[in-house]
Amino acid sequence: MIMYLLTIILLLLIAPLLLSFIKAVKMWLLYKKPVSLFQGYRNFAKLMHKETLISQEASQITRIAPFLVLSPLLVTLFFLPPVVAGAFYVSFVDAFTITGLITLSTFFLMLLGLDSASAFGGMGSSREAFIAALVEPAMVLTVFSVSMMSGDLGVGQAGVNLAAHFPEAHMASFLFAAISFFILLLAENGRIPVDNPETHLELTMVHEAMILDITGVYLAIIETAASVKFVIFASLFASLFLPFGLQFAAPVAAALFLVKLFAIAATVAFLEVNTAKLRLFKVPNLLGIAIVFAFLSLITFYVLGA
Amino acid sequence: MFQFDTLSLVFIALIVLGAIPNFFYSWGYLPHIERKAHYQLHYFTFVLSMIGVVLAANALTFLFFWEIMSLTSWQLILTETKEHKTIHAARFYFLMTHFGFVFLLLFFLIVTDGNLSLGFEAMHSIAARFAYPTLLFFFVSLGFLSKAGAVPLHVWLPYAHPQAPSPVSALMSGVMLKIAIYGMFRFLFDVLYPWPLEWGILILVIGSLSSLVGVLYALSEHDIKALLANHSIENIGIILIGFGMGMIFDSMNLKVLSSFAFIAALFHAFNHMSFKSLLFMGAGSVLHQTHTKNIEKYGGLIKTMPVTAFTFLLASISITALPPTNGFLSEWMIFQSMLGSSHMDDTSLKLAIPFAIFALAMTAGLAIACFVKAYGITFLGLHRSSNAKHAHEVNFLMRAGMILISLVVISLMLFTPYYISWFDKVLGSLGHTTVYTKIFPDGIWHLHSVGIRGGVVSPLILLLALLGVTMLLLFGYRTLGVKERIHRTWSCGYRTSPRTQYSATGFAGPIRRFFGWLYKPDEHFHKTSIAGHKSKFTDAHYEVHVKPLFEKTLYDSVGKAANFMSYWVYRLSHFEQTRYAAMIFNLMLSVLFSYRIFAHEFSWATLLLEATVMIISVKVLIIGDKK
């Protein structure tokens with residue numbers, strides 16, 4: 001139980017660090033002076049001391065939505081697979097619930113975008129709704145495929161099962177599912193081929209457009225939510241698609257898990273440096289690839305058993 | 001004449017739960033209606049006739065109440081006949097509902113051997129002796145699905161629901177559509193059991209198509225009630241997916257999974273009743289205050305109509321299947337039953353089910369987009385018209401109706417195990433496996449899927465966790481004592497105005513563009529440009545209309561074919577006498593020529609020759625020159 005709580009606290013703590021790490025790697029690759037790894041914490045501390053500026057057009061939704069954006073994600077943290085062997089984990093909660101909780105958070109984020117009557121907010125919400133609608137089927141199919149390979153629908157149990165019996169017989173469908181899930185990781189977190197988290201240019205932004213009118217503590221909450229979401233996806237990827245090293249002693253296993261998270265973050269950074277942001281109407285092509293890989297994964301599992 | 005078995009009683013519960021809040025709402029809505037006596041007479045007869053349909057124990061009673069239900073709802077659509085559209089919608093509804101009725105009548109005439117006072121159990125043996133059971137299945141499906149609004153018989157919903165007064169739309173969409181689902185349960189289980197595999201697949205395909213088609217057209221809709229009507233098509237589709245999966249599992253002898261899928265379908269029927277009634281009531285309140293159905297004219301209503309806004313929010317979260325609401329639970333159960341397809345032996349079916357999963361997941365994703373649009377454009381932002389500016393909260397009775405039905409939504413969320421035990425008893429009474437102990441093996445906290453190593457969801461724990469964490473965060477925010485300042489929305493130095501917000505058309509823009517091949521939107525874009533510049537203009541006007549594909553192809557082309565045939569019948573009866581003589585001559589010629597075929601002296605050469613002669617003769621003598 002203590003390991004369980006420690007893991008959650010650890011994930012919460014390193015959440016801003018991971019996003020700063022991605023940014024630092026990108027800057028380093030572009031021959032810029034990298035940003036400090038602690039920039040995320042600094043921003044958080046700065047925002048916590050600011051006053052909250054609320055739009056005069058905003059309604060009650062602006063006052064409750066930031067909390068409802070963060071709370072489903074915090075609840076999700078409790079349902080992730082264990083990091084070390086023998087630790088307590090919630091075995092039964094399945095991926096539909098987790099997807100649902102993440103979507104609940106997105107739902108309130110989209111409402112938040114529409115609340116302040118600004119054109120940017122509406123634009124961001126509209127785009128996010130478009131992307132989220134296409135992410136959903138790919139997500140469900142990938143989850144289905146992974147659950148077949150791990151032999152359990154519960155996410156926590158699936159992580160443990162995959163670590164115990166790596167699905168060597170189903171390597172092909174496992175890989176297809178991994179590719180699909182990685183694209184979803186990029187899309188859900190608004191990383192570069194889908195959305196550019198660093199720009200504030202109205203033509204390109206999705207996530208930033210929705211929260212343009214949010215300030216102070218509310219902004220701190222929303223930014224925390226974004227980083228927690230990345231940590232959730234990264235740790236799901238680490239537990240489900242890189243399921244090794246769980247059997248080592250607790251500190252080693254935890255360290256290995258952290259290395260995996262940073263490796264995923266580094267991969268995202270490499271991808272971001274090497275690709276341009278897609279036009280909004282090209283994004284369905286990328287998500288279409290994710291859907292096709294998810295289908296392929298299921299079909300290879302059923303037909304070839306590979 | 002009447003029967004009170006578990007299935008009937010559960011649907012009575014559905015009607016009662018849907019109708020009682022509706023009474024309050026309707027009572028509050030009454031001052032808005034001109035023909036009060038006409039409205040009330042039909043309203044109460046409508047509710048009673050639905051109860052009659054559900055309780056009927058023989059074919060005659062069933063058909064009688066079914067017809068009363070159709071006629072009263074038809075009259076209710078005609079409550080306010082100021083618009084020409086209303087009369088058109090009512091006529092269309094009348095036609096569609098009687099199209100279904102014909103098939104029901106045919107079905108009953110066959111399965112009762114002409115003795116319409118026969119009970120349902122007695123029909124089973126007659127149906128079993130009938131040589132073409134699939135024909136009976138088609139009759140039942142056409143009869144009930146035309147009422148339920150499944151593809152391709154769904155076209156009347158977006159016309160009829162918006163034209164009816166709001167309490168009636170709530171009742172029609174929330175409750176009446178479920179009566180059709182009751183019919184499916186009653187006659188497929190009692191009369192047509194056992195089912196071949198193909199029937200289940202057909203229902204599954206219809207369900208998947210309905211859910212996608214419904215949500216896609218809902219997205220392109222600007223009329224809030226038509227939007228909700230399209231969502232009814234979607235949700236009926238979801239119910240049918242569950243129903244179809246149940247039928248498929250049953251014919252594959254996976255009885256436990258089958259019961260689970262049927263329970264999911266019943267649960268979704270209840271959920272849809274609750275949240276769709278609430279949504280129609282909310283839309284009705286908004287309509288009542290703003291006097292327009294156009295979603296582009298709303299905006300900012302949450303400030304003046306908080307009760308409507310927050311109950312509508314609850315229903316929106318529920319219909320988009322977000323945890324921990326009841327809508328999520330039933331959709332979760334339907335997803336789980338589809339994941340149970342991995343237990344099947346039939347590989348081709350196993351490969352096909354993921355496409356249905358894809359359809360359902362896509363529907364869920366698009367429904368979220370649609371309800372963010374519906375909620376955000378209606379209740380958030382600035383007023384988009386002066387009508388919306390002068391809106392205020394509706395009267396007490398209407399609020400009471402909305403609050404009561406949202407309590408039904410919450411009760412479905414909190415007392416899920418209790419409701420599921422009802423549905424389980426229904427399945428038991430219909431002679432299927434009961435699975436309650438498998439769904440809730442260890443108390444009421446965890447809802448298990450019955451598949452091997454299936455998923456688990458714990459609705460109450462989720463609800464408590466979400467509430468708890470949100471409360472903690474809010475409490476933390478309060479204790480921080482953050483200073484708050486109200487200021488204008490930042491919009492690049494300009495002032496925010498109602499015109500600078502995103503419109504509903506704009507919101508659905510990316511999706512409309514992506515599905516352009518399906519929508520084939522009819523766009524009108526007009527701008528007055530300055531000095532020939534493309535990008536500089538004084539005023540611009542953009543309008544987009546989407547006519548549903550099914551209506552354009554299936555319904556309009558049937559209409560065209562009828563027109564074409566009637567034209568030729570008309571021509572035929574107005575020929576000159578010489579033409580009639582020519583026709584008789586040609587007829588005789590064809591009889592002579594066909595002699596060879598009947599005498600078994602067929603040869604291709606003579607056929608060719610004779611055909612040529614026939615064609616020339618018909619062309620020269622009958623058709624004549626083109627005018």
# chains A, B, ... in the order shown; residues from 1 in each chain; ligands from 1
call {"tool": "residues_around", "arguments": {"residues": "Lys293 (chain B)", "least_positions_apart": "6", "cutoff": "6 Å", "atoms": "only C-alpha atoms", "output": "PDB file with N, CA and C atoms, in the first residue's frame"}}
result
ATOM      1  N   ASP B 223     -31.129  23.285 -35.475  1.00  0.00           N
ATOM      2  CA  ASP B 223     -32.371  23.326 -34.723  1.00  0.00           C
ATOM      3  C   ASP B 223     -32.186  22.421 -33.514  1.00  0.00           C
ATOM      4  N   ILE B 224     -32.291  23.004 -32.309  1.00  0.00           N
ATOM      5  CA  ILE B 224     -31.878  22.224 -31.128  1.00  0.00           C
ATOM      6  C   ILE B 224     -32.734  20.981 -30.951  1.00  0.00           C
ATOM      7  N   LEU B 287     -36.529  27.157 -25.562  1.00  0.00           N
ATOM      8  CA  LEU B 287     -37.399  27.556 -26.665  1.00  0.00           C
ATOM      9  C   LEU B 287     -38.537  28.437 -26.167  1.00  0.00           C
TER      10      LEU B 287
END
call {"tool": "residues_around", "arguments": {"residues": "Leu104 (chain A)", "least_positions_apart": "5", "cutoff": "8 Å", "atoms": "only C-alpha atoms", "output": "list in words"}}
result
Val69 and Pro72 of chain A; Leu322 and Pro323 of chain B
call {"tool": "write_last_selection", "arguments": {"atoms": "N, CA and C atoms", "output": "mmCIF file, in the first residue's frame"}}
result
data_model
loop_
_atom_site.group_PDB
_atom_site.id
_atom_site.type_symbol
_atom_site.label_atom_id
_atom_site.label_comp_id
_atom_site.auth_asym_id
_atom_site.auth_seq_id
_atom_site.Cartn_x
_atom_site.Cartn_y
_atom_site.Cartn_z
ATOM 1 N N VAL A 69 -11.474 19.499 -14.675
ATOM 2 C CA VAL A 69 -10.486 19.053 -15.661
ATOM 3 C C VAL A 69 -9.410 18.231 -14.962
ATOM 4 N N PRO A 72 -10.647 14.226 -12.694
ATOM 5 C CA PRO A 72 -10.679 12.885 -13.301
ATOM 6 C C PRO A 72 -9.281 12.335 -13.551
ATOM 7 N N LEU B 322 -20.050 9.706 -20.327
ATOM 8 C CA LEU B 322 -18.846 9.982 -19.556
ATOM 9 C C LEU B 322 -19.045 9.441 -18.146
ATOM 10 N N PRO B 323 -17.997 8.854 -17.565
ATOM 11 C CA PRO B 323 -18.148 8.342 -16.211
ATOM 12 C C PRO B 323 -18.350 9.498 -15.248
#
call {"tool": "closest_residue", "arguments": {"among": "B:Tyr595, B:Phe328, B:Phe275, B:Phe137", "to": "chain A", "atoms": "only C-alpha atoms"}}
result
B:Phe328
call {"tool": "interface_residues", "arguments": {"of": "chain A", "to": "chain B", "cutoff": "6 Å", "atoms": "only C-alpha atoms", "output": "PyMOL selection string"}}
result
chain A and resi 51-56+67+71+92-94+100+104+111+114-119+122+126+129-130+133+136-137+152-154
call {"tool": "atom_distance", "arguments": {"atom1": "CA of Tyr132 (chain B)", "atom2": "CA of Lys147 (chain B)"}}
result
23.8 Å
call {"tool": "residues_around", "arguments": {"residues": "Ser251 (chain B)", "least_positions_apart": "2", "cutoff": "8 Å", "atoms": "only C-alpha atoms", "output": "list in words"}}
result
Pro194, Trp195, Pro196, Leu197, Met247, Ile248, Phe249, Asn253 and Leu254 of chain B
call {"tool": "write_last_selection", "arguments": {"atoms": "N, CA and C atoms", "output": "short mmCIF file (atom, residue, chain, number, x, y, z; two decimals), in the first residue's frame"}}
result
data_model
loop_
_atom_site.label_atom_id
_atom_site.label_comp_id
_atom_site.auth_asym_id
_atom_site.auth_seq_id
_atom_site.Cartn_x
_atom_site.Cartn_y
_atom_site.Cartn_z
N PRO B 194 -36.58 -19.74 -31.31
CA PRO B 194 -35.18 -19.29 -31.35
C PRO B 194 -34.84 -18.56 -32.65
N TRP B 195 -33.78 -17.75 -32.57
CA TRP B 195 -33.42 -16.93 -33.71
C TRP B 195 -32.22 -17.52 -34.46
N PRO B 196 -32.26 -17.47 -35.79
CA PRO B 196 -31.03 -17.81 -36.53
C PRO B 196 -29.99 -16.72 -36.34
N LEU B 197 -28.75 -17.04 -36.60
CA LEU B 197 -27.65 -16.10 -36.40
C LEU B 197 -27.83 -14.82 -37.22
N MET B 247 -28.82 -11.26 -29.38
CA MET B 247 -29.36 -12.27 -30.30
C MET B 247 -28.25 -13.14 -30.86
N ILE B 248 -27.11 -12.49 -31.21
CA ILE B 248 -26.00 -13.25 -31.79
C ILE B 248 -25.46 -14.25 -30.76
N PHE B 249 -25.25 -13.76 -29.52
CA PHE B 249 -24.73 -14.66 -28.49
C PHE B 249 -25.70 -15.80 -28.23
N ASN B 253 -25.23 -19.92 -28.63
CA ASN B 253 -25.32 -20.69 -27.40
C ASN B 253 -24.42 -20.15 -26.28
N LEU B 254 -24.13 -18.86 -26.33
CA LEU B 254 -23.41 -18.24 -25.22
C LEU B 254 -24.45 -17.50 -24.38
#
call {"tool": "decode", "arguments": {"residues": "region 533-566 of chain B", "atoms": "N, CA and C atoms", "output": "compact mmCIF listing (two decimals), in the first residue's frame"}}
result
# COMPACT_ATOMS: atom_id res chain seq x y z
N HIS B 533 -11.23 43.09 -54.21
CA HIS B 533 -10.34 42.31 -53.36
C HIS B 533 -11.04 41.03 -52.92
N LYS B 534 -10.28 39.97 -52.88
CA LYS B 534 -10.90 38.72 -52.45
C LYS B 534 -11.11 38.69 -50.95
N SER B 535 -10.16 39.25 -50.22
CA SER B 535 -10.19 39.09 -48.77
C SER B 535 -10.77 40.29 -48.04
N LYS B 536 -11.13 41.35 -48.78
CA LYS B 536 -11.70 42.52 -48.09
C LYS B 536 -13.16 42.64 -48.49
N PHE B 537 -14.02 42.58 -47.49
CA PHE B 537 -15.43 42.70 -47.85
C PHE B 537 -16.20 43.41 -46.75
N THR B 538 -17.28 44.06 -47.14
CA THR B 538 -18.05 44.81 -46.14
C THR B 538 -18.99 43.90 -45.37
N ASP B 539 -19.68 43.03 -46.08
CA ASP B 539 -20.52 42.10 -45.34
C ASP B 539 -20.52 40.75 -46.03
N ALA B 540 -20.74 39.74 -45.24
CA ALA B 540 -20.70 38.39 -45.79
C ALA B 540 -21.82 37.59 -45.17
N HIS B 541 -22.31 36.64 -45.91
CA HIS B 541 -23.40 35.81 -45.43
C HIS B 541 -23.10 34.38 -45.82
N TYR B 542 -23.10 33.52 -44.82
CA TYR B 542 -22.78 32.11 -45.10
C TYR B 542 -23.89 31.24 -44.54
N GLU B 543 -24.36 30.34 -45.35
CA GLU B 543 -25.42 29.45 -44.88
C GLU B 543 -25.11 28.06 -45.36
N VAL B 544 -25.37 27.09 -44.52
CA VAL B 544 -25.13 25.72 -44.97
C VAL B 544 -26.30 24.86 -44.55
N HIS B 545 -26.77 24.05 -45.47
CA HIS B 545 -27.87 23.13 -45.18
C HIS B 545 -27.42 21.73 -45.53
N VAL B 546 -27.76 20.82 -44.67
CA VAL B 546 -27.44 19.43 -44.95
C VAL B 546 -28.73 18.65 -45.02
N LYS B 547 -28.98 18.07 -46.18
CA LYS B 547 -30.17 17.22 -46.28
C LYS B 547 -29.71 15.78 -46.13
N PRO B 548 -30.31 15.05 -45.21
CA PRO B 548 -29.83 13.70 -44.95
C PRO B 548 -29.79 12.84 -46.21
N LEU B 549 -28.72 12.06 -46.27
CA LEU B 549 -28.47 11.22 -47.44
C LEU B 549 -29.62 10.26 -47.69
N PHE B 550 -30.13 9.66 -46.61
CA PHE B 550 -31.18 8.66 -46.78
C PHE B 550 -32.42 9.29 -47.38
N GLU B 551 -32.68 10.51 -46.94
CA GLU B 551 -33.87 11.17 -47.45
C GLU B 551 -33.68 11.49 -48.91
N LYS B 552 -32.45 11.94 -49.23
CA LYS B 552 -32.18 12.33 -50.61
C LYS B 552 -32.27 11.14 -51.54
N THR B 553 -31.67 10.03 -51.11
CA THR B 553 -31.60 8.89 -52.02
C THR B 553 -32.85 8.02 -51.91
N LEU B 554 -33.07 7.47 -50.72
CA LEU B 554 -34.10 6.45 -50.59
C LEU B 554 -35.50 7.04 -50.75
N TYR B 555 -35.79 8.08 -49.97
CA TYR B 555 -37.17 8.57 -49.93
C TYR B 555 -37.51 9.37 -51.16
N ASP B 556 -36.59 10.27 -51.56
CA ASP B 556 -36.90 11.09 -52.72
C ASP B 556 -36.98 10.25 -53.98
N SER B 557 -36.13 9.21 -54.08
CA SER B 557 -36.16 8.43 -55.31
C SER B 557 -37.40 7.54 -55.36
N VAL B 558 -37.89 7.10 -54.18
CA VAL B 558 -39.16 6.38 -54.17
C VAL B 558 -40.27 7.30 -54.66
N GLY B 559 -40.22 8.53 -54.19
CA GLY B 559 -41.20 9.52 -54.64
C GLY B 559 -41.11 9.74 -56.14
N LYS B 560 -39.88 9.85 -56.62
CA LYS B 560 -39.69 10.08 -58.06
C LYS B 560 -40.22 8.91 -58.88
N ALA B 561 -39.94 7.69 -58.39
CA ALA B 561 -40.39 6.50 -59.12
C ALA B 561 -41.91 6.47 -59.18
N ALA B 562 -42.55 6.83 -58.06
CA ALA B 562 -44.01 6.85 -58.04
C ALA B 562 -44.54 7.88 -59.03
N ASN B 563 -43.88 9.03 -59.07
CA ASN B 563 -44.26 10.08 -60.01
C ASN B 563 -44.16 9.61 -61.44
N PHE B 564 -43.04 8.97 -61.74
CA PHE B 564 -42.76 8.49 -63.08
C PHE B 564 -43.82 7.49 -63.51
N MET B 565 -44.14 6.54 -62.61
CA MET B 565 -45.13 5.52 -62.95
C MET B 565 -46.50 6.14 -63.15
N SER B 566 -46.83 7.07 -62.28
CA SER B 566 -48.16 7.66 -62.41
C SER B 566 -48.25 8.46 -63.71
